[in-house]
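This is upload.txt. It holds compact mmCIF, C-alpha atoms and all ligand atoms.
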```txt
# COMPACT_ATOMS: atom_id res chain seq x y z
CA MET A 1 0.00 0.00 0.00
CA ILE A 2 1.64 3.22 -1.13
CA GLN A 3 1.33 6.02 1.38
CA SER A 4 2.37 9.39 0.04
CA LEU A 5 3.71 11.82 2.63
CA GLN A 6 4.76 15.31 1.57
CA MET A 7 5.98 17.91 4.03
CA VAL A 8 4.48 21.36 3.38
CA GLU A 9 5.23 24.28 5.67
CA LYS A 10 2.03 26.27 5.13
CA TYR A 11 -0.83 26.99 2.79
CA ASP A 12 1.10 28.81 0.07
CA GLU A 13 -0.31 27.95 -3.35
CA GLU A 14 2.81 26.82 -5.18
CA PRO A 15 4.32 24.52 -2.51
CA VAL A 16 0.91 22.93 -1.91
CA TYR A 17 0.47 22.40 -5.65
CA GLN A 18 3.95 20.80 -5.85
CA ALA A 19 3.03 18.49 -2.96
CA VAL A 20 -0.17 17.50 -4.78
CA CYS A 21 1.83 16.76 -7.96
CA LYS A 22 4.26 14.54 -6.03
CA SER A 23 1.38 12.74 -4.31
CA MET A 24 -0.38 12.08 -7.62
CA ASP A 25 2.89 10.81 -9.13
CA ALA A 26 3.53 8.51 -6.16
CA LEU A 27 0.09 6.96 -6.63
CA SER A 28 0.10 6.99 -10.48
CA VAL A 29 -3.21 8.86 -10.47
CA ALA A 30 -2.57 10.35 -13.94
CA ASP A 31 -3.11 6.84 -15.37
CA ASP A 32 -6.78 7.05 -14.30
CA MET A 33 -7.48 10.40 -15.96
CA LYS A 34 -9.58 10.78 -19.13
CA PRO A 35 -10.95 14.06 -20.55
CA ASP A 36 -14.59 12.97 -20.14
CA LEU A 37 -14.18 11.76 -16.55
CA LYS A 38 -16.77 13.14 -14.12
CA VAL A 39 -14.69 13.91 -11.03
CA VAL A 40 -16.19 14.82 -7.67
CA ILE A 41 -14.03 16.28 -4.93
CA LYS A 42 -15.45 15.71 -1.45
CA PRO A 43 -13.84 18.16 1.00
CA ASN A 44 -14.68 18.54 4.67
CA LEU A 45 -16.85 21.67 4.99
CA ILE A 46 -18.54 20.67 8.21
CA ILE A 47 -19.22 24.19 9.45
CA ALA A 48 -19.04 27.79 8.26
CA LYS A 49 -15.57 28.64 9.57
CA GLY A 50 -12.79 30.36 7.68
CA PRO A 51 -9.73 28.51 6.36
CA ASP A 52 -7.56 29.75 9.24
CA ILE A 53 -9.48 27.52 11.64
CA PRO A 54 -8.48 23.89 11.02
CA ALA A 55 -12.02 22.51 11.05
CA THR A 56 -12.41 22.31 7.27
CA THR A 57 -10.30 21.32 4.28
CA HIS A 58 -8.16 24.29 3.30
CA PRO A 59 -9.22 25.82 -0.06
CA VAL A 60 -5.60 26.00 -1.24
CA VAL A 61 -5.44 22.17 -1.14
CA VAL A 62 -8.70 21.84 -3.08
CA LYS A 63 -7.51 24.45 -5.58
CA ALA A 64 -4.23 22.59 -6.11
CA VAL A 65 -6.07 19.33 -6.85
CA VAL A 66 -8.40 21.14 -9.28
CA ARG A 67 -5.38 22.67 -11.04
CA TRP A 68 -3.72 19.25 -11.30
CA LEU A 69 -6.91 17.76 -12.81
CA LYS A 70 -7.31 20.62 -15.31
CA GLU A 71 -3.71 20.18 -16.42
CA ARG A 72 -4.52 16.51 -17.16
CA GLY A 73 -7.40 17.57 -19.41
CA VAL A 74 -10.21 16.88 -16.93
CA SER A 75 -12.85 19.60 -17.07
CA ASN A 76 -15.92 18.06 -15.42
CA ILE A 77 -15.00 18.73 -11.78
CA THR A 78 -17.54 19.26 -9.00
CA ILE A 79 -16.94 20.14 -5.37
CA ALA A 80 -19.65 18.37 -3.39
CA GLU A 81 -20.29 18.26 0.33
CA SER A 82 -23.19 18.05 2.71
CA SER A 83 -22.07 19.95 5.76
CA GLY A 84 -23.47 19.74 9.26
CA GLY A 85 -26.55 21.95 8.67
CA PRO A 86 -29.40 21.82 6.15
CA TYR A 87 -28.60 20.69 2.63
CA ASN A 88 -29.97 23.50 0.49
CA ALA A 89 -28.75 26.29 -1.78
CA GLU A 90 -28.95 29.08 0.76
CA TYR A 91 -26.97 27.25 3.45
CA MET A 92 -24.40 25.69 1.15
CA LYS A 93 -23.69 29.02 -0.62
CA HIS A 94 -22.90 30.43 2.81
CA ILE A 95 -20.65 27.43 3.61
CA TYR A 96 -18.78 27.66 0.29
CA ARG A 97 -18.18 31.37 0.76
CA VAL A 98 -17.02 31.26 4.39
CA CYS A 99 -14.84 28.16 3.83
CA GLY A 100 -13.12 29.90 0.89
CA MET A 101 -14.35 27.51 -1.81
CA ASN A 102 -15.49 30.21 -4.23
CA GLY A 103 -11.85 30.58 -5.29
CA VAL A 104 -11.95 27.23 -7.15
CA GLU A 105 -14.45 28.60 -9.68
CA PRO A 106 -14.58 28.64 -12.70
CA ASP A 107 -12.19 25.65 -12.97
CA ALA A 108 -14.51 23.56 -10.80
CA ARG A 109 -18.23 23.76 -10.13
CA LEU A 110 -19.59 24.17 -6.62
CA ASN A 111 -22.42 21.64 -6.38
CA MET A 112 -25.90 23.15 -6.45
CA ASP A 113 -27.88 19.94 -6.94
CA PHE A 114 -29.42 19.21 -3.57
CA THR A 115 -31.15 15.97 -4.43
CA ALA A 116 -30.16 12.59 -3.05
CA GLN A 117 -30.47 9.02 -4.25
CA THR A 118 -30.73 5.64 -2.61
CA VAL A 119 -27.92 3.21 -3.31
CA GLN A 120 -27.75 -0.48 -2.43
CA CYS A 121 -25.05 -1.76 -0.10
CA ALA A 122 -23.06 -4.94 -0.55
CA GLU A 123 -24.57 -8.20 0.65
CA GLY A 124 -23.95 -8.97 4.30
CA PHE A 125 -23.79 -5.33 5.41
CA ALA A 126 -25.92 -4.26 8.40
CA ASN A 127 -27.11 -1.35 6.23
CA HIS A 128 -29.02 -2.43 3.15
CA THR A 129 -29.05 1.03 1.53
CA PHE A 130 -27.64 4.52 1.97
CA HIS A 131 -29.25 7.77 0.90
CA LEU A 132 -26.42 9.75 -0.69
CA ILE A 133 -26.06 13.17 -2.29
CA THR A 134 -26.54 12.91 -6.06
CA PRO A 135 -23.11 14.13 -7.27
CA ILE A 136 -21.44 11.34 -5.29
CA VAL A 137 -23.79 8.73 -6.75
CA GLU A 138 -23.24 10.00 -10.30
CA ALA A 139 -19.45 10.50 -10.08
CA ASP A 140 -17.03 8.43 -12.15
CA TYR A 141 -14.18 9.28 -9.82
CA ILE A 142 -14.26 10.48 -6.21
CA ILE A 143 -11.39 12.34 -4.56
CA ASN A 144 -11.95 12.44 -0.81
CA ILE A 145 -10.04 15.40 0.70
CA CYS A 146 -10.43 15.40 4.44
CA LYS A 147 -9.01 17.38 7.34
CA LEU A 148 -7.06 15.56 10.05
CA LYS A 149 -8.77 16.09 13.42
CA THR A 150 -9.59 14.61 16.76
CA HIS A 151 -13.32 14.03 17.12
CA ALA A 152 -15.57 14.21 20.18
CA MET A 153 -17.58 11.13 19.29
CA THR A 154 -15.30 8.92 17.22
CA GLY A 155 -11.95 10.02 18.66
CA TYR A 156 -10.45 10.54 15.20
CA SER A 157 -11.60 12.09 11.94
CA GLY A 158 -9.85 11.43 8.64
CA GLY A 159 -10.72 9.70 5.39
CA ILE A 160 -13.41 7.28 6.58
CA LYS A 161 -15.25 9.84 8.74
CA ASN A 162 -15.18 12.50 6.01
CA LEU A 163 -17.51 10.36 3.92
CA PHE A 164 -20.30 10.89 6.47
CA GLY A 165 -20.70 14.19 4.59
CA THR A 166 -22.13 12.26 1.63
CA ILE A 167 -25.35 11.82 3.64
CA PRO A 168 -27.68 14.76 2.97
CA GLY A 169 -27.97 17.48 5.62
CA LEU A 170 -30.09 16.74 8.62
CA GLU A 171 -30.32 13.04 7.80
CA LYS A 172 -26.93 12.83 9.53
CA PRO A 173 -28.29 13.57 13.04
CA GLN A 174 -31.03 11.00 12.35
CA MET A 175 -28.32 8.43 11.72
CA HIS A 176 -26.69 9.30 15.04
CA TYR A 177 -30.06 8.63 16.64
CA ARG A 178 -30.44 5.36 14.78
CA TRP A 179 -26.92 4.18 15.77
CA PRO A 180 -26.26 5.77 19.21
CA ASP A 181 -23.77 3.09 20.19
CA ILE A 182 -20.20 3.84 19.05
CA GLU A 183 -19.75 0.25 17.82
CA ASP A 184 -22.84 0.43 15.62
CA PHE A 185 -22.13 3.98 14.45
CA SER A 186 -18.54 3.07 13.50
CA ASN A 187 -19.76 0.01 11.64
CA MET A 188 -22.16 2.24 9.72
CA LEU A 189 -19.28 4.62 8.85
CA LEU A 190 -17.21 1.73 7.52
CA GLU A 191 -20.07 0.36 5.43
CA LEU A 192 -20.68 3.87 4.11
CA ALA A 193 -17.00 4.27 3.15
CA GLN A 194 -17.05 0.89 1.42
CA THR A 195 -20.21 1.89 -0.46
CA VAL A 196 -18.94 5.32 -1.56
CA ASN A 197 -15.53 3.77 -2.27
CA PRO A 198 -13.44 6.84 -3.22
CA GLN A 199 -10.62 6.24 -5.68
CA LEU A 200 -8.26 8.53 -3.79
CA THR A 201 -8.09 10.04 -0.30
CA ILE A 202 -5.98 13.08 0.50
CA ILE A 203 -5.55 14.17 4.11
CA ASP A 204 -4.96 17.86 4.70
CA ALA A 205 -2.70 17.76 7.77
CA ILE A 206 -0.71 20.88 6.96
CA ASP A 207 -2.67 22.31 9.84
CA ALA A 208 -4.79 19.85 11.83
CA MET A 209 -7.10 20.03 14.85
CA GLU A 210 -6.57 18.67 18.34
CA GLY A 211 -8.72 18.71 21.47
CA ASP A 212 -12.43 19.27 21.06
CA GLY A 213 -12.67 18.46 17.37
CA PRO A 214 -14.21 18.31 14.89
CA THR A 215 -15.01 22.04 15.16
CA GLY A 216 -14.18 23.31 18.65
CA GLY A 217 -10.56 22.25 18.99
CA THR A 218 -7.31 24.08 18.41
CA SER A 219 -4.59 24.12 15.78
CA HIS A 220 -1.91 21.43 15.73
CA PRO A 221 0.08 21.75 12.48
CA LEU A 222 1.71 18.58 11.18
CA HIS A 223 2.94 20.32 7.99
CA MET A 224 1.96 17.24 5.98
CA LEU A 225 -0.11 16.37 2.96
CA LEU A 226 -0.94 12.66 3.02
CA ALA A 227 -2.46 10.70 0.15
CA ALA A 228 -3.35 7.09 -0.54
CA ARG A 229 -5.79 5.05 -2.56
CA ASP A 230 -6.70 3.00 0.51
CA CYS A 231 -8.46 5.23 3.04
CA TYR A 232 -8.57 2.54 5.79
CA THR A 233 -4.84 1.88 5.98
CA GLN A 234 -4.16 5.59 5.62
CA ASP A 235 -6.41 6.36 8.61
CA TYR A 236 -4.49 3.75 10.63
CA PHE A 237 -1.24 5.47 9.61
CA ALA A 238 -2.50 9.04 10.24
CA ALA A 239 -3.93 8.19 13.68
CA GLY A 240 -0.47 6.91 14.59
CA LEU A 241 1.09 10.22 13.48
CA MET A 242 -1.27 11.97 15.92
CA GLY A 243 -0.01 9.82 18.79
CA LEU A 244 -3.30 7.91 18.98
CA ASP A 245 -3.34 4.14 19.25
CA PRO A 246 -5.27 3.27 16.06
CA ARG A 247 -6.67 0.12 17.74
CA GLU A 248 -8.38 2.36 20.29
CA ILE A 249 -10.36 4.20 17.60
CA VAL A 250 -13.39 1.98 17.13
CA MET A 251 -13.83 2.55 13.37
CA ILE A 252 -10.15 1.76 12.73
CA ARG A 253 -10.20 -1.30 15.00
CA GLN A 254 -13.28 -2.53 13.14
CA ALA A 255 -11.56 -1.85 9.79
CA MET A 256 -8.65 -3.97 11.02
CA GLU A 257 -11.04 -6.76 12.02
CA ARG A 258 -12.59 -6.65 8.54
CA GLY A 259 -9.15 -7.01 6.95
CA LEU A 260 -9.33 -3.53 5.41
CA VAL A 261 -6.14 -2.24 7.05
CA LYS A 262 -2.91 -3.46 5.42
CA LYS A 263 -0.59 -2.13 8.09
CA ASP A 264 2.28 -4.46 7.20
CA GLU A 265 2.20 -3.29 3.59
CA ILE A 266 2.58 0.46 4.18
CA GLN A 267 5.28 1.84 1.92
CA ILE A 268 5.90 5.54 2.53
CA VAL A 269 6.79 7.51 -0.59
CA GLY A 270 7.99 11.10 -0.39
CA ASP A 271 9.28 12.58 2.84
CA ARG A 272 10.15 10.74 6.02
CA VAL A 273 8.01 10.86 9.14
CA PRO A 274 9.69 13.57 11.26
CA GLU A 275 11.06 12.47 14.60
CA GLY A 276 9.61 13.71 17.88
CA LEU A 277 6.04 14.47 16.79
CA THR A 278 3.98 15.85 19.68
CA PRO A 279 0.90 13.72 20.47
CA PHE A 280 -2.43 15.41 19.80
CA LYS A 281 -4.59 16.46 22.74
CA LYS A 282 -7.61 14.17 22.87
CA PRO A 283 -11.17 15.50 23.10
CA GLU A 284 -12.71 15.63 26.56
CA THR A 285 -15.36 13.23 25.40
CA ILE A 286 -13.15 10.68 23.73
CA LYS A 287 -14.80 7.30 23.48
CA LEU A 288 -11.75 5.16 22.98
CA ASP A 289 -12.04 1.44 22.61
CA PHE A 290 -10.78 0.10 25.90
CA THR A 291 -12.10 -3.41 25.25
CA GLY A 292 -9.02 -4.79 23.49
CA ASN A 293 -8.11 -7.06 26.40
CA VAL A 294 -11.67 -8.09 27.21
CA PRO A 295 -12.67 -11.55 25.89
CA GLY A 296 -15.06 -11.28 22.94
CA PHE A 297 -18.05 -12.82 24.77
CA LEU A 298 -17.75 -10.25 27.58
CA ARG A 299 -17.20 -7.23 25.33
CA LYS A 300 -20.85 -6.16 24.89
CA PRO A 301 -21.82 -6.23 28.61
CA PHE A 302 -18.48 -4.64 29.54
CA VAL A 303 -19.00 -1.81 27.05
CA TYR A 304 -22.59 -1.34 28.26
CA ILE A 305 -21.60 -0.91 31.91
CA ALA A 306 -18.42 1.09 31.27
CA SER A 307 -20.09 3.43 28.79
CA ARG A 308 -22.74 4.36 31.33
CA LEU A 309 -20.14 5.02 34.00
CA LEU A 310 -17.93 7.06 31.69
CA LYS A 311 -20.69 8.79 29.71
CA SER A 312 -20.21 12.46 28.85
CA TYR A 313 -22.89 15.07 28.32
CA PRO A 314 -22.91 18.52 26.72
CA GLN A 315 -22.81 21.46 29.08
CA LEU A 316 -23.59 25.04 28.13
CA ARG A 317 -21.06 27.84 28.59
CA THR A 318 -23.86 30.32 29.17
CA ASP A 319 -21.71 33.41 28.66
CA LEU A 320 -20.78 32.30 25.12
CA CYS A 321 -24.23 31.17 23.96
CA VAL A 322 -25.99 33.60 21.61
CA GLY A 323 -29.20 31.57 21.33
CA CYS A 324 -28.82 30.91 17.60
CA GLY A 325 -30.52 27.51 17.85
CA LYS A 326 -28.06 25.64 15.61
CA CYS A 327 -27.50 23.06 18.37
CA ALA A 328 -31.24 22.40 18.71
CA GLU A 329 -31.58 22.07 14.93
CA SER A 330 -28.86 19.41 14.82
CA CYS A 331 -29.90 17.43 17.91
CA PRO A 332 -31.20 14.04 16.76
CA ALA A 333 -32.81 13.34 20.14
CA GLN A 334 -34.49 16.77 20.20
CA VAL A 335 -33.46 17.39 23.78
CA ILE A 336 -32.33 21.02 23.34
CA THR A 337 -34.67 23.97 23.64
CA ILE A 338 -33.93 27.69 23.35
CA GLU A 339 -35.21 29.58 26.36
CA ASN A 340 -34.58 33.25 27.05
CA LYS A 341 -32.12 33.32 24.12
CA LYS A 342 -29.99 30.54 25.61
CA ALA A 343 -29.76 26.83 24.84
CA LYS A 344 -31.14 24.48 27.45
CA PHE A 345 -30.04 20.82 27.50
CA HIS A 346 -32.39 18.14 28.80
CA LYS A 347 -30.18 15.25 29.85
CA LYS A 348 -32.90 12.62 29.61
CA GLY A 349 -32.76 11.19 26.11
CA CYS A 350 -29.34 12.64 25.23
CA ILE A 351 -27.37 10.05 23.25
CA SER A 352 -24.01 11.88 23.66
CA CYS A 353 -23.47 12.19 19.91
CA PHE A 354 -22.11 15.76 20.26
CA CYS A 355 -23.73 16.94 17.02
CA CYS A 356 -24.66 20.03 19.07
CA GLN A 357 -21.04 20.74 19.93
CA GLU A 358 -20.04 20.20 16.29
CA MET A 359 -22.55 22.75 15.05
CA CYS A 360 -22.13 25.46 17.70
CA PRO A 361 -20.43 28.45 16.05
CA MET A 362 -19.54 30.00 19.42
CA LYS A 363 -17.69 27.11 21.13
CA ALA A 364 -20.39 27.47 23.77
CA ILE A 365 -20.80 23.76 24.43
CA ALA A 366 -18.38 22.01 26.75
CA VAL A 367 -18.34 18.45 27.95
CA ARG A 368 -19.34 17.22 31.36
CA LYS A 369 -18.40 13.71 32.44
CA ALA A 370 -21.04 11.68 34.25
CA LEU A 371 -18.45 10.77 36.91
S1 LIG A 401 -25.13 26.62 22.37
FE1 LIG A 401 -24.16 27.35 20.50
S2 LIG A 401 -25.44 26.57 18.86
FE2 LIG A 401 -26.64 26.40 20.73
S3 LIG A 401 -27.83 28.28 20.80
FE3 LIG A 401 -25.97 28.64 21.99
S4 LIG A 401 -24.53 29.55 20.53
FE4 LIG A 401 -26.16 28.63 19.30
S1 LIG A 402 -27.91 17.21 23.32
FE1 LIG A 402 -26.12 17.16 21.95
S2 LIG A 402 -25.07 15.28 22.55
FE2 LIG A 402 -27.15 15.11 23.37
S3 LIG A 402 -28.32 14.05 21.77
FE3 LIG A 402 -28.56 16.26 21.42
S4 LIG A 402 -26.95 16.73 19.93
FE4 LIG A 402 -26.41 14.74 20.81
```
Kindly return the structure encoded in the file as C-alpha cells.
Ligand code: SF4
Ligand code: SF4
Amino acid sequence: MIQSLQMVEKYDEEPVYQAVCKSMDALSVADDMKPDLKVVIKPNLIIAKGPDIPATTHPVVVKAVVRWLKERGVSNITIAESSGGPYNAEYMKHIYRVCGMNGVEPDARLNMDFTAQTVQCAEGFANHTFHLITPIVEADYIINICKLKTHAMTGYSGGIKNLFGTIPGLEKPQMHYRWPDIEDFSNMLLELAQTVNPQLTIIDAIDAMEGDGPTGGTSHPLHMLLAARDCYTQDYFAAGLMGLDPREIVMIRQAMERGLVKKDEIQIVGDRVPEGLTPFKKPETIKLDFTGNVPGFLRKPFVYIASRLLKSYPQLRTDLCVGCGKCAESCPAQVITIENKKAKFHKKGCISCFCCQEMCPMKAIAVRKAL
C-alpha cells in the first residue's frame, strides 16, 4: 500500500500544488485520468468557519487538486459536500463562501444539486441502503479530501469519517439517533465508506485540529499532505502520526477486524516521518475502545456498563451562547430547547453524539463527564 507523505510548511499555493503533484505521481493517479471523466471532490466543509481555523479542508489544497486535474485535461470537476446543517442552496452558498471555496471557480463547479439518491449496499452489510447526495452517486471518480482532526464522538476524523458528509444534511443527526452506540455507528461509517468507495483520499494535515474536534478544537500543524488510494490503511497510519493508538479508535479497529487495514504493507513515498512528533490532545469526550483485552463474549456487557459510568454530556457555557438555535436544529434526540435566548439541554434522552457541539459556532458547548 503506497502512502504518500509530503511535508508542506504552510498553505502557500505553489508549494501545496507541488506536494499535490508529487502525491499524484507517487500513486500513479494520472493513469486514471480521461478528458470525459466526471470527477467529484469531497472536501470537509462541516461548518461555516474560515480557512484559518483547522475545522475544514483548506481551499488551497482543493484548488491545487483542481489545477492538477485541469492540467490533465479533466474539465468536469464538482466540489460536493453536505455539511453539518441543512442541505440547500442558501446554506451551502454560505458554507462555500465562508470556507473559501469560491476561489476554485470557474475551474470547478460548486455543487448546487441538492437531491439525493438511494444506493444499495453490498450483501452482508448491516445497512441495506444509503441515501447519498446525487453528485457522489453519479461520479465516475471520487477524490476524498479530508481534514485531520480529533473528534468528540469517534476520537479521530480522517478519510473514513469525512464520507459521512455524503449523507444529505439533517439526515446525519437522524443516523446518530439510529446508531447511538459507538460500535454500531462506527460500523455504519465503515459500510458507508465501502459503499462510496473513493478512488483517492488526501488528508490535509498541513494544519490539523486537536482537542475538542471536529469544530471546537485548536490548531496542531503537522505540515503534511498525506495521500493514498486506501483510506482505511491511511487512517491507521495518520492516527499513529497523531499519537493515537489506532486500535483504540473503534472505526479503525473494526476496519482492522474486517481485513481492510494493510498495516504491514505500508510503503511511505515522499518525505520521512519527522522524529519527535507531539501527540495530539484528545477531546474531553473521547470514546476510545478500551475493550481490546476483554474476551469477545464479555465485550458487549463490559462496554454497556463502562459506557454508562464514563458517559459524557454537553454542558452550556452560558456566557458564550448567543441563542442561535443551531445546536437544537442538529440534535437528533431533540433534547435542546432555546429559552430566554440561551440553549437548554435536557439530559434525559441525550445520546451523547455531540452533534450540538459540532454545530455550535460560538464554542459554547463544553463536555461534562457523568463521573
Ligand atoms: S449553544 Fe451554541 S449553537 Fe446552541 S444556541 Fe448557543 S450559541 Fe447557538
Ligand atoms: S444534546 Fe447534543 S449530545 Fe445530546 S443528543 Fe442532542 S446533539 Fe447529541
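The nearest approach to ligand LIG 402 (chain A) among the residues A:Val196, A:Ile268, A:Ala364, A:Ala333, with only C-alpha atoms and all ligand atoms taken into account, belongs to A:Ala333.
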Within-6 Å residues of ligand LIG 402 (chain A), basis only C-alpha atoms and all ligand atoms, as a PDB file with C-alpha atoms, in the frame of the given file:
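Produced file out_23.pdb, reproduced below:
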```pdb
ATOM      1  CA  PRO A 314     -22.910  18.520  26.720  1.00  0.00           C
ATOM      2  CA  CYS A 331     -29.900  17.430  17.910  1.00  0.00           C
ATOM      3  CA  PRO A 332     -31.200  14.040  16.760  1.00  0.00           C
ATOM      4  CA  ALA A 333     -32.810  13.340  20.140  1.00  0.00           C
ATOM      5  CA  VAL A 335     -33.460  17.390  23.780  1.00  0.00           C
ATOM      6  CA  ILE A 336     -32.330  21.020  23.340  1.00  0.00           C
ATOM      7  CA  PHE A 345     -30.040  20.820  27.500  1.00  0.00           C
ATOM      8  CA  CYS A 350     -29.340  12.640  25.230  1.00  0.00           C
ATOM      9  CA  ILE A 351     -27.370  10.050  23.250  1.00  0.00           C
ATOM     10  CA  SER A 352     -24.010  11.880  23.660  1.00  0.00           C
ATOM     11  CA  CYS A 353     -23.470  12.190  19.910  1.00  0.00           C
ATOM     12  CA  PHE A 354     -22.110  15.760  20.260  1.00  0.00           C
ATOM     13  CA  CYS A 355     -23.730  16.940  17.020  1.00  0.00           C
ATOM     14  CA  CYS A 356     -24.660  20.030  19.070  1.00  0.00           C
TER      15      CYS A 356
END
```
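For the pair CA of His58 (chain A) and CA of Cys360 (chain A), the separation is 20.1 Å.
Nearest to ligand LIG 401 (chain A) of all the residues A:Thr318, A:Gln120, A:Gln234, A:Gln199 is A:Thr318, based on only C-alpha atoms and all ligand atoms.
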Mind listing the residues within 6 Å of ligand LIG 401 (chain A), all atoms listed in the file counted, as a PyMOL selection string? chain A and resi 321-327+342-343+360-362+364-365
Just to be explicit: take each residue in the selection above, keep C-alpha atoms, and write the result as a PDB file, keeping the file's coordinate frame.
```pdb
ATOM      1  CA  CYS A 321     -24.230  31.170  23.960  1.00  0.00           C
ATOM      2  CA  VAL A 322     -25.990  33.600  21.610  1.00  0.00           C
ATOM      3  CA  GLY A 323     -29.200  31.570  21.330  1.00  0.00           C
ATOM      4  CA  CYS A 324     -28.820  30.910  17.600  1.00  0.00           C
ATOM      5  CA  GLY A 325     -30.520  27.510  17.850  1.00  0.00           C
ATOM      6  CA  LYS A 326     -28.060  25.640  15.610  1.00  0.00           C
ATOM      7  CA  CYS A 327     -27.500  23.060  18.370  1.00  0.00           C
ATOM      8  CA  LYS A 342     -29.990  30.540  25.610  1.00  0.00           C
ATOM      9  CA  ALA A 343     -29.760  26.830  24.840  1.00  0.00           C
ATOM     10  CA  CYS A 360     -22.130  25.460  17.700  1.00  0.00           C
ATOM     11  CA  PRO A 361     -20.430  28.450  16.050  1.00  0.00           C
ATOM     12  CA  MET A 362     -19.540  30.000  19.420  1.00  0.00           C
ATOM     13  CA  ALA A 364     -20.390  27.470  23.770  1.00  0.00           C
ATOM     14  CA  ILE A 365     -20.800  23.760  24.430  1.00  0.00           C
TER      15      ILE A 365
END
```
Please build the interface table for region 5-93 of chain A against region 157-165 of chain A with a cut-off of 9 Å, listing for each qualifying residue the nearest atom pair and the distance in Å to one decimal; count only C-alpha atoms, order rows by chain and increasing number, and write it as CSV.
```
residue,atom,partner,partner_atom,distance
A:Lys42,CA,A:Leu163,CA,7.9
A:Pro43,CA,A:Asn162,CA,7.7
A:Asn44,CA,A:Asn162,CA,6.2
A:Leu45,CA,A:Gly165,CA,8.4
A:Ile46,CA,A:Gly165,CA,7.7
A:Glu81,CA,A:Gly165,CA,5.9
A:Ser82,CA,A:Gly165,CA,5.0
A:Ser83,CA,A:Gly165,CA,6.0
A:Gly84,CA,A:Gly165,CA,7.8
```
Take the residues that were just selected and, keeping C-alpha atoms, output them as a compact mmCIF listing (two decimals), in the coordinates of the input.
```
# COMPACT_ATOMS: atom_id res chain seq x y z
CA LYS A 42 -15.45 15.71 -1.45
CA PRO A 43 -13.84 18.16 1.00
CA ASN A 44 -14.68 18.54 4.67
CA LEU A 45 -16.85 21.67 4.99
CA ILE A 46 -18.54 20.67 8.21
CA GLU A 81 -20.29 18.26 0.33
CA SER A 82 -23.19 18.05 2.71
CA SER A 83 -22.07 19.95 5.76
CA GLY A 84 -23.47 19.74 9.26
```
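Minimum distance to Tyr141 (chain A) across A:Glu14, A:Asp271, A:Asp36, A:Asp181 (counting only C-alpha atoms) occurs at A:Asp36.
Excluding Val269 (chain A) and any residue on its chain fewer than 4 positions from it, the residues at most 7 Å away by only C-alpha atoms are Ile2, Gln3, Ser4, Leu5 and Ala26 of chain A.
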From the options A:Glu183, A:Glu90, A:Asp204, A:Glu284, which residue's atoms come nearest to Arg253 (chain A), counting all atoms listed in the file? A:Glu183
Could you name the residues that touch Ile79 (chain A) at 7 Å or less, counting all atoms listed in the file, but leaving out those on the same chain fewer than 4 positions away, as a ChimeraX atom specification? /A:40-42,108-111
